[in-house]
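For reference, protein04.cif (mmCIF, N, CA and C atoms):
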data_final
loop_
_atom_site.label_atom_id
_atom_site.label_comp_id
_atom_site.auth_asym_id
_atom_site.auth_seq_id
_atom_site.Cartn_x
_atom_site.Cartn_y
_atom_site.Cartn_z
N MET A 1 112.60 -139.38 41.46
CA MET A 1 113.28 -139.12 42.71
C MET A 1 112.74 -140.01 43.82
N ASP A 2 111.48 -140.37 43.73
CA ASP A 2 110.88 -141.24 44.73
C ASP A 2 110.92 -142.70 44.28
N GLU A 3 111.63 -142.98 43.23
CA GLU A 3 111.64 -144.32 42.64
C GLU A 3 113.04 -144.91 42.68
N ASP A 4 113.10 -146.23 42.55
CA ASP A 4 114.38 -146.88 42.34
C ASP A 4 114.28 -147.69 41.04
N SER A 5 115.33 -148.38 40.70
CA SER A 5 115.37 -149.05 39.40
C SER A 5 114.34 -150.17 39.28
N GLU A 6 113.86 -150.68 40.39
CA GLU A 6 112.87 -151.76 40.35
C GLU A 6 111.43 -151.25 40.40
N SER A 7 111.21 -150.07 40.97
CA SER A 7 109.83 -149.58 41.12
C SER A 7 109.40 -148.65 39.97
N ILE A 8 110.35 -148.12 39.22
CA ILE A 8 109.98 -147.21 38.12
C ILE A 8 109.33 -148.01 37.00
N THR A 9 108.30 -147.44 36.39
CA THR A 9 107.62 -148.12 35.29
C THR A 9 107.60 -147.20 34.07
N LYS A 10 107.33 -147.79 32.94
CA LYS A 10 107.23 -147.02 31.69
C LYS A 10 106.10 -145.99 31.78
N THR A 11 105.01 -146.35 32.47
CA THR A 11 103.87 -145.44 32.64
C THR A 11 104.27 -144.21 33.46
N LYS A 12 105.03 -144.42 34.52
CA LYS A 12 105.49 -143.30 35.36
C LYS A 12 106.43 -142.39 34.56
N LEU A 13 107.30 -143.00 33.76
CA LEU A 13 108.20 -142.20 32.93
C LEU A 13 107.42 -141.43 31.87
N GLN A 14 106.39 -142.04 31.30
CA GLN A 14 105.57 -141.35 30.30
C GLN A 14 104.85 -140.16 30.92
N THR A 15 104.34 -140.31 32.14
CA THR A 15 103.69 -139.20 32.85
C THR A 15 104.69 -138.08 33.09
N LEU A 16 105.87 -138.43 33.53
CA LEU A 16 106.92 -137.43 33.76
C LEU A 16 107.30 -136.73 32.46
N ALA A 17 107.41 -137.49 31.38
CA ALA A 17 107.75 -136.91 30.07
C ALA A 17 106.68 -135.91 29.62
N ASN A 18 105.42 -136.24 29.82
CA ASN A 18 104.33 -135.33 29.44
C ASN A 18 104.34 -134.06 30.27
N LYS A 19 104.67 -134.16 31.55
CA LYS A 19 104.76 -132.96 32.39
C LYS A 19 105.92 -132.07 31.94
N ILE A 20 107.04 -132.68 31.61
CA ILE A 20 108.20 -131.92 31.12
C ILE A 20 107.85 -131.23 29.81
N LYS A 21 107.16 -131.93 28.93
CA LYS A 21 106.74 -131.35 27.66
C LYS A 21 105.83 -130.14 27.89
N THR A 22 104.92 -130.25 28.85
CA THR A 22 104.01 -129.15 29.16
C THR A 22 104.76 -127.94 29.71
N GLU A 23 105.70 -128.17 30.64
CA GLU A 23 106.42 -127.08 31.30
C GLU A 23 107.47 -126.43 30.38
N PHE A 24 108.20 -127.26 29.64
CA PHE A 24 109.36 -126.75 28.91
C PHE A 24 109.25 -126.80 27.39
N GLY A 25 108.24 -127.45 26.86
CA GLY A 25 108.16 -127.63 25.42
C GLY A 25 107.29 -126.64 24.68
N SER A 26 106.46 -125.90 25.38
CA SER A 26 105.55 -124.99 24.70
C SER A 26 106.29 -123.76 24.16
N SER A 27 105.69 -123.12 23.17
CA SER A 27 106.23 -121.89 22.57
C SER A 27 107.65 -122.08 22.03
N ASN A 28 107.85 -123.15 21.29
CA ASN A 28 109.15 -123.42 20.66
C ASN A 28 110.26 -123.65 21.68
N GLY A 29 109.92 -124.13 22.86
CA GLY A 29 110.92 -124.44 23.88
C GLY A 29 111.13 -123.29 24.85
N TYR A 30 111.17 -123.61 26.12
CA TYR A 30 111.38 -122.61 27.16
C TYR A 30 112.77 -122.00 27.03
N THR A 31 112.87 -120.70 27.17
CA THR A 31 114.17 -120.02 27.14
C THR A 31 114.39 -119.26 28.44
N TRP A 32 115.64 -119.17 28.85
CA TRP A 32 116.01 -118.36 29.99
C TRP A 32 117.36 -117.76 29.72
N LYS A 33 117.67 -116.70 30.45
CA LYS A 33 118.92 -115.99 30.23
C LYS A 33 119.96 -116.47 31.23
N LYS A 34 121.02 -117.04 30.69
CA LYS A 34 122.15 -117.51 31.49
C LYS A 34 123.04 -116.32 31.78
N GLY A 35 123.62 -116.27 32.97
CA GLY A 35 124.45 -115.12 33.31
C GLY A 35 125.60 -115.47 34.22
N LYS A 36 126.09 -114.47 34.91
CA LYS A 36 127.29 -114.59 35.73
C LYS A 36 127.00 -114.90 37.20
N GLU A 37 125.76 -114.75 37.63
CA GLU A 37 125.41 -114.98 39.04
C GLU A 37 125.11 -116.46 39.28
N TYR A 38 125.57 -116.98 40.40
CA TYR A 38 125.39 -118.39 40.75
C TYR A 38 124.26 -118.52 41.76
N TYR A 39 123.27 -119.34 41.43
CA TYR A 39 122.14 -119.60 42.31
C TYR A 39 122.03 -121.09 42.54
N SER A 40 121.60 -121.48 43.73
CA SER A 40 121.41 -122.90 44.00
C SER A 40 120.12 -123.10 44.79
N TYR A 41 119.56 -124.27 44.61
CA TYR A 41 118.37 -124.68 45.35
C TYR A 41 118.62 -126.11 45.79
N THR A 42 118.64 -126.33 47.10
CA THR A 42 118.96 -127.65 47.63
C THR A 42 117.86 -128.13 48.57
N ASP A 43 117.26 -129.25 48.22
CA ASP A 43 116.29 -129.93 49.06
C ASP A 43 116.59 -131.42 48.90
N LYS A 44 117.54 -131.91 49.68
CA LYS A 44 118.01 -133.29 49.53
C LYS A 44 116.93 -134.31 49.85
N ALA A 45 116.00 -133.97 50.73
CA ALA A 45 114.92 -134.90 51.06
C ALA A 45 114.05 -135.21 49.84
N LYS A 46 113.91 -134.24 48.95
CA LYS A 46 113.11 -134.42 47.74
C LYS A 46 113.97 -134.72 46.52
N GLY A 47 115.29 -134.69 46.69
CA GLY A 47 116.20 -135.05 45.60
C GLY A 47 116.64 -133.90 44.73
N TYR A 48 116.55 -132.67 45.21
CA TYR A 48 116.95 -131.51 44.40
C TYR A 48 118.30 -130.97 44.87
N GLN A 49 119.18 -130.77 43.91
CA GLN A 49 120.43 -130.05 44.14
C GLN A 49 120.72 -129.29 42.85
N LEU A 50 119.96 -128.22 42.64
CA LEU A 50 120.02 -127.45 41.41
C LEU A 50 121.08 -126.36 41.52
N GLN A 51 121.86 -126.20 40.47
CA GLN A 51 122.89 -125.16 40.40
C GLN A 51 122.69 -124.43 39.08
N ILE A 52 122.46 -123.13 39.16
CA ILE A 52 122.10 -122.35 37.98
C ILE A 52 122.97 -121.10 37.89
N LEU A 53 123.50 -120.84 36.70
CA LEU A 53 124.14 -119.57 36.42
C LEU A 53 123.07 -118.72 35.74
N GLY A 54 122.55 -117.75 36.45
CA GLY A 54 121.45 -116.95 35.94
C GLY A 54 121.84 -115.50 35.74
N PHE A 55 121.05 -114.84 34.92
CA PHE A 55 121.28 -113.43 34.66
C PHE A 55 120.85 -112.57 35.85
N ASN A 56 119.74 -112.97 36.47
CA ASN A 56 119.27 -112.27 37.66
C ASN A 56 118.47 -113.25 38.52
N GLU A 57 118.10 -112.81 39.70
CA GLU A 57 117.43 -113.68 40.66
C GLU A 57 116.06 -114.14 40.17
N SER A 58 115.32 -113.27 39.51
CA SER A 58 113.98 -113.65 39.05
C SER A 58 114.05 -114.73 37.97
N GLU A 59 115.05 -114.67 37.08
CA GLU A 59 115.23 -115.73 36.06
C GLU A 59 115.51 -117.07 36.74
N ALA A 60 116.39 -117.07 37.74
CA ALA A 60 116.75 -118.30 38.44
C ALA A 60 115.54 -118.87 39.19
N ARG A 61 114.80 -118.01 39.88
CA ARG A 61 113.61 -118.46 40.62
C ARG A 61 112.57 -119.04 39.67
N GLN A 62 112.38 -118.41 38.53
CA GLN A 62 111.39 -118.88 37.56
C GLN A 62 111.78 -120.26 37.03
N LEU A 63 113.04 -120.47 36.71
CA LEU A 63 113.50 -121.77 36.22
C LEU A 63 113.36 -122.85 37.30
N ILE A 64 113.75 -122.54 38.51
CA ILE A 64 113.64 -123.50 39.62
C ILE A 64 112.17 -123.84 39.87
N THR A 65 111.30 -122.86 39.83
CA THR A 65 109.87 -123.09 40.04
C THR A 65 109.30 -124.01 38.97
N LYS A 66 109.72 -123.84 37.74
CA LYS A 66 109.26 -124.72 36.66
C LYS A 66 109.73 -126.16 36.87
N VAL A 67 110.95 -126.34 37.33
CA VAL A 67 111.46 -127.68 37.62
C VAL A 67 110.67 -128.30 38.76
N LEU A 68 110.39 -127.53 39.80
CA LEU A 68 109.64 -128.05 40.94
C LEU A 68 108.20 -128.37 40.57
N ASP A 69 107.61 -127.60 39.66
CA ASP A 69 106.23 -127.83 39.23
C ASP A 69 106.04 -129.20 38.58
N ILE A 70 107.06 -129.73 37.97
CA ILE A 70 106.97 -131.05 37.32
C ILE A 70 106.59 -132.12 38.34
N GLN A 71 107.12 -132.02 39.55
CA GLN A 71 106.82 -132.98 40.61
C GLN A 71 105.75 -132.44 41.58
N SER A 72 105.13 -131.31 41.25
CA SER A 72 104.12 -130.67 42.09
C SER A 72 104.68 -130.27 43.46
N HIS A 73 105.93 -129.84 43.47
CA HIS A 73 106.56 -129.34 44.68
C HIS A 73 106.55 -127.81 44.64
N SER A 74 106.53 -127.20 45.81
CA SER A 74 106.50 -125.74 45.86
C SER A 74 107.87 -125.18 46.21
N PHE A 75 108.13 -123.98 45.72
CA PHE A 75 109.40 -123.28 45.96
C PHE A 75 109.45 -122.85 47.42
N GLN A 76 110.57 -123.10 48.09
CA GLN A 76 110.79 -122.68 49.47
C GLN A 76 112.01 -121.78 49.50
N GLY A 77 111.81 -120.53 49.85
CA GLY A 77 112.87 -119.54 49.83
C GLY A 77 114.07 -119.88 50.69
N LYS A 78 113.87 -120.59 51.79
CA LYS A 78 114.99 -120.91 52.69
C LYS A 78 115.97 -121.90 52.06
N LYS A 79 115.57 -122.55 50.97
CA LYS A 79 116.44 -123.52 50.30
C LYS A 79 117.12 -122.93 49.06
N PHE A 80 116.87 -121.65 48.84
CA PHE A 80 117.41 -120.93 47.68
C PHE A 80 118.58 -120.08 48.14
N ARG A 81 119.70 -120.15 47.42
CA ARG A 81 120.91 -119.39 47.78
C ARG A 81 121.46 -118.67 46.57
N LYS A 82 122.08 -117.53 46.85
CA LYS A 82 122.78 -116.78 45.82
C LYS A 82 124.23 -116.64 46.26
N SER A 83 125.14 -116.88 45.33
CA SER A 83 126.56 -116.72 45.60
C SER A 83 127.11 -115.76 44.57
N SER A 84 127.79 -114.73 45.03
CA SER A 84 128.33 -113.76 44.08
C SER A 84 129.77 -113.42 44.43
N ASN A 85 130.48 -112.98 43.45
CA ASN A 85 131.87 -112.58 43.59
C ASN A 85 131.93 -111.11 44.00
N ASP A 86 132.92 -110.73 44.80
CA ASP A 86 133.07 -109.33 45.21
C ASP A 86 133.40 -108.42 44.04
N ASP A 87 134.11 -108.94 43.05
CA ASP A 87 134.48 -108.15 41.88
C ASP A 87 134.16 -108.95 40.61
N PRO A 88 132.87 -109.05 40.24
CA PRO A 88 132.51 -109.88 39.09
C PRO A 88 133.07 -109.39 37.76
N THR A 89 133.32 -108.10 37.64
CA THR A 89 133.84 -107.57 36.38
C THR A 89 135.22 -108.13 36.05
N SER A 90 136.09 -108.22 37.06
CA SER A 90 137.42 -108.77 36.79
C SER A 90 137.43 -110.30 36.88
N ALA A 91 136.53 -110.90 37.67
CA ALA A 91 136.48 -112.36 37.78
C ALA A 91 135.90 -113.00 36.53
N TYR A 92 134.89 -112.36 35.94
CA TYR A 92 134.21 -112.89 34.76
C TYR A 92 134.12 -111.80 33.69
N PRO A 93 135.24 -111.43 33.10
CA PRO A 93 135.20 -110.33 32.13
C PRO A 93 134.41 -110.71 30.87
N THR A 94 133.70 -109.73 30.31
CA THR A 94 132.95 -109.96 29.09
C THR A 94 133.89 -110.27 27.93
N ILE A 95 134.99 -109.53 27.85
CA ILE A 95 136.02 -109.78 26.85
C ILE A 95 137.26 -110.25 27.61
N PRO A 96 137.58 -111.54 27.53
CA PRO A 96 138.70 -112.07 28.30
C PRO A 96 140.05 -111.58 27.76
N PRO A 97 141.07 -111.59 28.61
CA PRO A 97 142.39 -111.15 28.17
C PRO A 97 143.03 -112.15 27.21
N SER A 98 144.06 -111.69 26.54
CA SER A 98 144.81 -112.55 25.62
C SER A 98 146.07 -113.06 26.32
N THR A 99 146.50 -114.24 25.91
CA THR A 99 147.70 -114.87 26.47
C THR A 99 148.63 -115.25 25.32
N ASN A 100 149.91 -115.11 25.56
CA ASN A 100 150.90 -115.47 24.55
C ASN A 100 151.18 -116.96 24.67
N ILE A 101 150.75 -117.73 23.65
CA ILE A 101 150.98 -119.17 23.63
C ILE A 101 151.75 -119.50 22.35
N LEU A 102 152.94 -120.04 22.52
CA LEU A 102 153.81 -120.39 21.41
C LEU A 102 154.06 -119.21 20.47
N GLY A 103 154.22 -118.04 21.06
CA GLY A 103 154.50 -116.85 20.28
C GLY A 103 153.30 -116.25 19.59
N GLU A 104 152.13 -116.72 19.90
CA GLU A 104 150.91 -116.23 19.25
C GLU A 104 149.93 -115.76 20.33
N LEU A 105 149.33 -114.59 20.12
CA LEU A 105 148.34 -114.09 21.07
C LEU A 105 147.02 -114.86 20.87
N VAL A 106 146.59 -115.48 21.96
CA VAL A 106 145.36 -116.28 21.94
C VAL A 106 144.44 -115.76 23.03
N ARG A 107 143.19 -115.51 22.67
CA ARG A 107 142.23 -115.03 23.66
C ARG A 107 141.83 -116.19 24.58
N GLU A 108 141.83 -115.93 25.89
CA GLU A 108 141.44 -116.93 26.87
C GLU A 108 139.94 -117.21 26.74
N PRO A 109 139.49 -118.38 27.16
CA PRO A 109 138.06 -118.68 27.06
C PRO A 109 137.23 -117.79 27.98
N ARG A 110 136.00 -117.49 27.56
CA ARG A 110 135.10 -116.69 28.38
C ARG A 110 134.62 -117.51 29.56
N ILE A 111 134.55 -116.87 30.70
CA ILE A 111 134.05 -117.51 31.91
C ILE A 111 132.68 -116.93 32.20
N ARG A 112 131.70 -117.80 32.36
CA ARG A 112 130.32 -117.41 32.62
C ARG A 112 129.78 -116.40 31.61
N PRO A 113 129.76 -116.76 30.34
CA PRO A 113 129.21 -115.84 29.35
C PRO A 113 127.70 -115.67 29.51
N VAL A 114 127.20 -114.52 29.13
CA VAL A 114 125.77 -114.24 29.16
C VAL A 114 125.19 -114.71 27.83
N ALA A 115 124.10 -115.48 27.90
CA ALA A 115 123.49 -116.00 26.68
C ALA A 115 122.05 -116.40 26.96
N THR A 116 121.25 -116.47 25.92
CA THR A 116 119.91 -117.01 26.03
C THR A 116 119.97 -118.50 25.73
N VAL A 117 119.42 -119.30 26.63
CA VAL A 117 119.48 -120.75 26.53
C VAL A 117 118.07 -121.27 26.26
N ARG A 118 117.96 -122.23 25.34
CA ARG A 118 116.67 -122.83 25.00
C ARG A 118 116.68 -124.30 25.40
N PHE A 119 115.61 -124.74 26.06
CA PHE A 119 115.48 -126.13 26.47
C PHE A 119 115.52 -127.04 25.25
N GLN A 120 116.27 -128.15 25.34
CA GLN A 120 116.42 -129.07 24.22
C GLN A 120 115.80 -130.44 24.50
N TYR A 121 116.23 -131.11 25.57
CA TYR A 121 115.73 -132.45 25.84
C TYR A 121 115.89 -132.80 27.32
N ALA A 122 115.17 -133.84 27.72
CA ALA A 122 115.27 -134.37 29.08
C ALA A 122 115.44 -135.88 29.00
N ILE A 123 116.33 -136.40 29.82
CA ILE A 123 116.58 -137.84 29.84
C ILE A 123 116.48 -138.34 31.28
N ALA A 124 116.22 -139.63 31.43
CA ALA A 124 116.21 -140.27 32.75
C ALA A 124 117.30 -141.33 32.76
N ASN A 125 118.11 -141.29 33.79
CA ASN A 125 119.13 -142.32 33.98
C ASN A 125 118.60 -143.30 35.01
N VAL A 126 118.42 -144.52 34.61
CA VAL A 126 117.91 -145.57 35.49
C VAL A 126 119.05 -146.55 35.76
N TRP A 127 119.30 -146.79 37.03
CA TRP A 127 120.40 -147.68 37.41
C TRP A 127 120.16 -149.04 36.79
N GLY A 128 121.21 -149.61 36.21
CA GLY A 128 121.12 -150.92 35.59
C GLY A 128 120.92 -150.87 34.09
N LYS A 129 120.51 -149.71 33.56
CA LYS A 129 120.37 -149.55 32.12
C LYS A 129 121.57 -148.75 31.63
N PRO A 130 122.30 -149.28 30.67
CA PRO A 130 123.52 -148.59 30.23
C PRO A 130 123.25 -147.27 29.50
N ASP A 131 122.11 -147.17 28.82
CA ASP A 131 121.80 -145.95 28.07
C ASP A 131 120.70 -145.17 28.78
N PRO A 132 120.75 -143.84 28.69
CA PRO A 132 119.68 -143.04 29.28
C PRO A 132 118.36 -143.25 28.54
N ILE A 133 117.26 -143.01 29.24
CA ILE A 133 115.94 -143.12 28.63
C ILE A 133 115.49 -141.70 28.26
N PRO A 134 115.32 -141.43 26.97
CA PRO A 134 114.90 -140.08 26.57
C PRO A 134 113.42 -139.86 26.91
N LEU A 135 113.16 -138.81 27.70
CA LEU A 135 111.80 -138.51 28.10
C LEU A 135 111.12 -137.58 27.09
N TYR A 136 111.79 -136.46 26.82
CA TYR A 136 111.23 -135.47 25.89
C TYR A 136 112.38 -134.88 25.09
N ASP A 137 112.16 -134.70 23.80
CA ASP A 137 113.22 -134.20 22.93
C ASP A 137 112.66 -133.24 21.90
N ARG A 138 113.25 -132.05 21.81
CA ARG A 138 112.90 -131.07 20.80
C ARG A 138 113.97 -130.98 19.71
N SER A 139 115.12 -131.60 19.96
CA SER A 139 116.29 -131.37 19.13
C SER A 139 116.59 -132.47 18.12
N PHE A 140 115.79 -133.51 18.08
CA PHE A 140 116.02 -134.66 17.22
C PHE A 140 117.30 -135.42 17.60
N THR A 141 117.74 -135.26 18.85
CA THR A 141 118.90 -136.00 19.33
C THR A 141 118.49 -137.44 19.67
N TYR A 142 117.31 -137.57 20.27
CA TYR A 142 116.78 -138.88 20.65
C TYR A 142 115.47 -139.10 19.90
N LEU A 143 115.51 -139.89 18.87
CA LEU A 143 114.31 -140.11 18.05
C LEU A 143 113.31 -141.05 18.70
N ASN A 144 113.71 -141.73 19.78
CA ASN A 144 112.81 -142.65 20.47
C ASN A 144 112.32 -142.09 21.80
N ALA A 145 112.22 -140.77 21.93
CA ALA A 145 111.78 -140.15 23.18
C ALA A 145 110.32 -140.51 23.46
N LEU A 146 109.97 -140.57 24.76
CA LEU A 146 108.61 -140.91 25.15
C LEU A 146 107.61 -139.82 24.77
N ALA A 147 108.04 -138.57 24.76
CA ALA A 147 107.18 -137.46 24.34
C ALA A 147 107.96 -136.61 23.34
N THR A 148 107.33 -136.28 22.22
CA THR A 148 107.98 -135.48 21.19
C THR A 148 107.01 -134.48 20.61
N ASP A 149 107.52 -133.58 19.79
CA ASP A 149 106.71 -132.61 19.05
C ASP A 149 106.58 -133.01 17.59
N TYR A 150 107.25 -134.07 17.19
CA TYR A 150 107.28 -134.46 15.79
C TYR A 150 106.65 -135.80 15.57
#

Just dump the structure as structure tokens.
Amino acid sequence: MDEDSESITKTKLQTLANKIKTEFGSSNGYTWKKGKEYYSYTDKAKGYQLQILGFNESEARQLITKVLDIQSHSFQGKKFRKSSNDDPTSAYPTIPPSTNILGELVREPRIRPVATVRFQYAIANVWGKPDPIPLYDRSFTYLNALATDY
């Protein structure tokens, strides 16, 4: 966030990858519960514009704090927002309604499903490089990641 395409170095990316591995890679990968509530954390001066669908406020705060810890930044409550619907049960039903499409009843897609999410990988996009630089990977998606468990 404090770098541009000319000032970033492989050493800085390796340090960042190791911090991500420490925060999100331990215990078979960090997990959090995704939910129907929308939380955001915005600190444009430091380059953060996080948007999270969380199960509850403590889950969202914990995830945001872990992201901020990578850069040694502290959580500031005034930059944290919660947005909720007046009627979440009808806006985001657990079992969506069915629709008649071409004479066949088809269930509509679920909106904001509740699920447990596990961290998989982190990449860095550097301007001027066509492909992302894999920092840390648990999923074997990027075999050339700077930090791995394998």

Show me a table, sorted first by chain and then by increasing residue number, of the residues of stretch 98-149 of chain A having an atom at most 8 Å from stretch 51-64 of chain A, each with its shortest atom pair and the distance in Å to one decimal, counting all atoms listed in the file and written as JSON lines.
{"residue": "A:Arg112", "atom": "CA", "partner": "A:Leu53", "partner_atom": "CA", "distance": 7.6}
{"residue": "A:Val114", "atom": "CA", "partner": "A:Phe55", "partner_atom": "CA", "distance": 7.1}
{"residue": "A:Ala115", "atom": "N", "partner": "A:Phe55", "partner_atom": "CA", "distance": 7.6}

Interatomic distance, atom C of A:Trp127 to atom N of A:Tyr41 (Å, one decimal):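 If I compute the distance from atom C of A:Trp127 to atom N of A:Tyr41, I get 26.0 Å.
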
Residue nearest A:Tyr121 among A:Gly47, A:Pro109, A:Gly77, A:Gly29 (counting only C-alpha atoms):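 That would be A:Gly29, the residue with the smallest distance to A:Tyr121.
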
Interatomic distance, atom N of A:Ala91 to atom CA of A:Ser40 (Å, one decimal):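 About the pair atom N of A:Ala91 and atom CA of A:Ser40: they are 20.3 Å apart.
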
Coordinates-based distance that separates atom CA of A:Phe80 from atom N of A:Ile111 (Å, one decimal):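 Calculated distance between atom N of A:Ile111 and atom CA of A:Phe80 is 24.5 Å.
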
Alpha helix (DSSP H) residues, from DSSP on the backbone, in stretch 24-85 of chain A, as number ranges by chain: A: 24, 57-70

For the structure provided, state which residues fall under the PyMOL selection byres (((chain A and resi 137 and name CA) around 8) and name CA), and present them as an mmCIF file with N, CA and C atoms, keeping the file's coordinate frame.
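The result, stored in part-v5.cif:
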data_model
loop_
_atom_site.group_PDB
_atom_site.id
_atom_site.type_symbol
_atom_site.label_atom_id
_atom_site.label_comp_id
_atom_site.auth_asym_id
_atom_site.auth_seq_id
_atom_site.Cartn_x
_atom_site.Cartn_y
_atom_site.Cartn_z
ATOM 1 N N GLN A 120 116.270 -128.150 25.340
ATOM 2 C CA GLN A 120 116.420 -129.070 24.220
ATOM 3 C C GLN A 120 115.800 -130.440 24.500
ATOM 4 N N TYR A 121 116.230 -131.110 25.570
ATOM 5 C CA TYR A 121 115.730 -132.450 25.840
ATOM 6 C C TYR A 121 115.890 -132.800 27.320
ATOM 7 N N ALA A 122 115.170 -133.840 27.720
ATOM 8 C CA ALA A 122 115.270 -134.370 29.080
ATOM 9 C C ALA A 122 115.440 -135.880 29.000
ATOM 10 N N PRO A 134 115.320 -141.430 26.970
ATOM 11 C CA PRO A 134 114.900 -140.080 26.570
ATOM 12 C C PRO A 134 113.420 -139.860 26.910
ATOM 13 N N LEU A 135 113.160 -138.810 27.700
ATOM 14 C CA LEU A 135 111.800 -138.510 28.100
ATOM 15 C C LEU A 135 111.120 -137.580 27.090
ATOM 16 N N TYR A 136 111.790 -136.460 26.820
ATOM 17 C CA TYR A 136 111.230 -135.470 25.890
ATOM 18 C C TYR A 136 112.380 -134.880 25.090
ATOM 19 N N ARG A 138 113.250 -132.050 21.810
ATOM 20 C CA ARG A 138 112.900 -131.070 20.800
ATOM 21 C C ARG A 138 113.970 -130.980 19.710
ATOM 22 N N SER A 139 115.120 -131.600 19.960
ATOM 23 C CA SER A 139 116.290 -131.370 19.130
ATOM 24 C C SER A 139 116.590 -132.470 18.120
ATOM 25 N N PHE A 140 115.790 -133.510 18.080
ATOM 26 C CA PHE A 140 116.020 -134.660 17.220
ATOM 27 C C PHE A 140 117.300 -135.420 17.600
ATOM 28 N N THR A 141 117.740 -135.260 18.850
ATOM 29 C CA THR A 141 118.900 -136.000 19.330
ATOM 30 C C THR A 141 118.490 -137.440 19.670
ATOM 31 N N TYR A 142 117.310 -137.570 20.270
ATOM 32 C CA TYR A 142 116.780 -138.880 20.650
ATOM 33 C C TYR A 142 115.470 -139.100 19.900
ATOM 34 N N LEU A 143 115.510 -139.890 18.870
ATOM 35 C CA LEU A 143 114.310 -140.110 18.050
ATOM 36 C C LEU A 143 113.310 -141.050 18.700
ATOM 37 N N ALA A 145 112.220 -140.770 21.930
ATOM 38 C CA ALA A 145 111.780 -140.150 23.180
ATOM 39 C C ALA A 145 110.320 -140.510 23.460
ATOM 40 N N ALA A 147 108.040 -138.570 24.760
ATOM 41 C CA ALA A 147 107.180 -137.460 24.340
ATOM 42 C C ALA A 147 107.960 -136.610 23.340
ATOM 43 N N THR A 148 107.330 -136.280 22.220
ATOM 44 C CA THR A 148 107.980 -135.480 21.190
ATOM 45 C C THR A 148 107.010 -134.480 20.610
ATOM 46 N N ASP A 149 107.520 -133.580 19.790
ATOM 47 C CA ASP A 149 106.710 -132.610 19.050
ATOM 48 C C ASP A 149 106.580 -133.010 17.590
#

Selection dump of the PyMOL selection byres ((chain A and resi 21-27) around 7), as number ranges by chain: A: 16-20, 28-30, 66, 119, 136, 147

Hits of the PyMOL selection byres ((chain A and resi 92) around 8) in this structure, as a ChimeraX atom specification: /A:36,87-91,93-96,110-113

Taking N, CA and C atoms for each residue, export the selection above as an mmCIF file, keeping the file's coordinate frame.
data_model
loop_
_atom_site.group_PDB
_atom_site.id
_atom_site.type_symbol
_atom_site.label_atom_id
_atom_site.label_comp_id
_atom_site.auth_asym_id
_atom_site.auth_seq_id
_atom_site.Cartn_x
_atom_site.Cartn_y
_atom_site.Cartn_z
ATOM 1 N N LYS A 36 126.090 -114.470 34.910
ATOM 2 C CA LYS A 36 127.290 -114.590 35.730
ATOM 3 C C LYS A 36 127.000 -114.900 37.200
ATOM 4 N N ASP A 87 134.110 -108.940 43.050
ATOM 5 C CA ASP A 87 134.480 -108.150 41.880
ATOM 6 C C ASP A 87 134.160 -108.950 40.610
ATOM 7 N N PRO A 88 132.870 -109.050 40.240
ATOM 8 C CA PRO A 88 132.510 -109.880 39.090
ATOM 9 C C PRO A 88 133.070 -109.390 37.760
ATOM 10 N N THR A 89 133.320 -108.100 37.640
ATOM 11 C CA THR A 89 133.840 -107.570 36.380
ATOM 12 C C THR A 89 135.220 -108.130 36.050
ATOM 13 N N SER A 90 136.090 -108.220 37.060
ATOM 14 C CA SER A 90 137.420 -108.770 36.790
ATOM 15 C C SER A 90 137.430 -110.300 36.880
ATOM 16 N N ALA A 91 136.530 -110.900 37.670
ATOM 17 C CA ALA A 91 136.480 -112.360 37.780
ATOM 18 C C ALA A 91 135.900 -113.000 36.530
ATOM 19 N N PRO A 93 135.240 -111.430 33.100
ATOM 20 C CA PRO A 93 135.200 -110.330 32.130
ATOM 21 C C PRO A 93 134.410 -110.710 30.870
ATOM 22 N N THR A 94 133.700 -109.730 30.310
ATOM 23 C CA THR A 94 132.950 -109.960 29.090
ATOM 24 C C THR A 94 133.890 -110.270 27.930
ATOM 25 N N ILE A 95 134.990 -109.530 27.850
ATOM 26 C CA ILE A 95 136.020 -109.780 26.850
ATOM 27 C C ILE A 95 137.260 -110.250 27.610
ATOM 28 N N PRO A 96 137.580 -111.540 27.530
ATOM 29 C CA PRO A 96 138.700 -112.070 28.300
ATOM 30 C C PRO A 96 140.050 -111.580 27.760
ATOM 31 N N ARG A 110 136.000 -117.490 27.560
ATOM 32 C CA ARG A 110 135.100 -116.690 28.380
ATOM 33 C C ARG A 110 134.620 -117.510 29.560
ATOM 34 N N ILE A 111 134.550 -116.870 30.700
ATOM 35 C CA ILE A 111 134.050 -117.510 31.910
ATOM 36 C C ILE A 111 132.680 -116.930 32.200
ATOM 37 N N ARG A 112 131.700 -117.800 32.360
ATOM 38 C CA ARG A 112 130.320 -117.410 32.620
ATOM 39 C C ARG A 112 129.780 -116.400 31.610
ATOM 40 N N PRO A 113 129.760 -116.760 30.340
ATOM 41 C CA PRO A 113 129.210 -115.840 29.350
ATOM 42 C C PRO A 113 127.700 -115.670 29.510
#

Could you work out an axis-aligned bounding box for all listed atoms of stretch 113-129 of chain A, with 5 Å added on each of the six sides, and give its centre and edge lengths in Å to one decimal, as AutoDock Vina command-line options?
--center_x 122.5 --center_y -132.6 --center_z 30.8 --size_x 24.6 --size_y 46.7 --size_z 23.2

Nearest to A:Thr116, chosen from A:Thr42, A:Ile70, A:Trp32, A:Thr15, with only C-alpha atoms counted in the distances: A:Trp32

Sel. of strand (DSSP E) residues, chain A, as a PyMOL selection string: chain A and resi 31-43+48-54+80-83+98-101+104-107+115-118+121-124+133-137+147-148
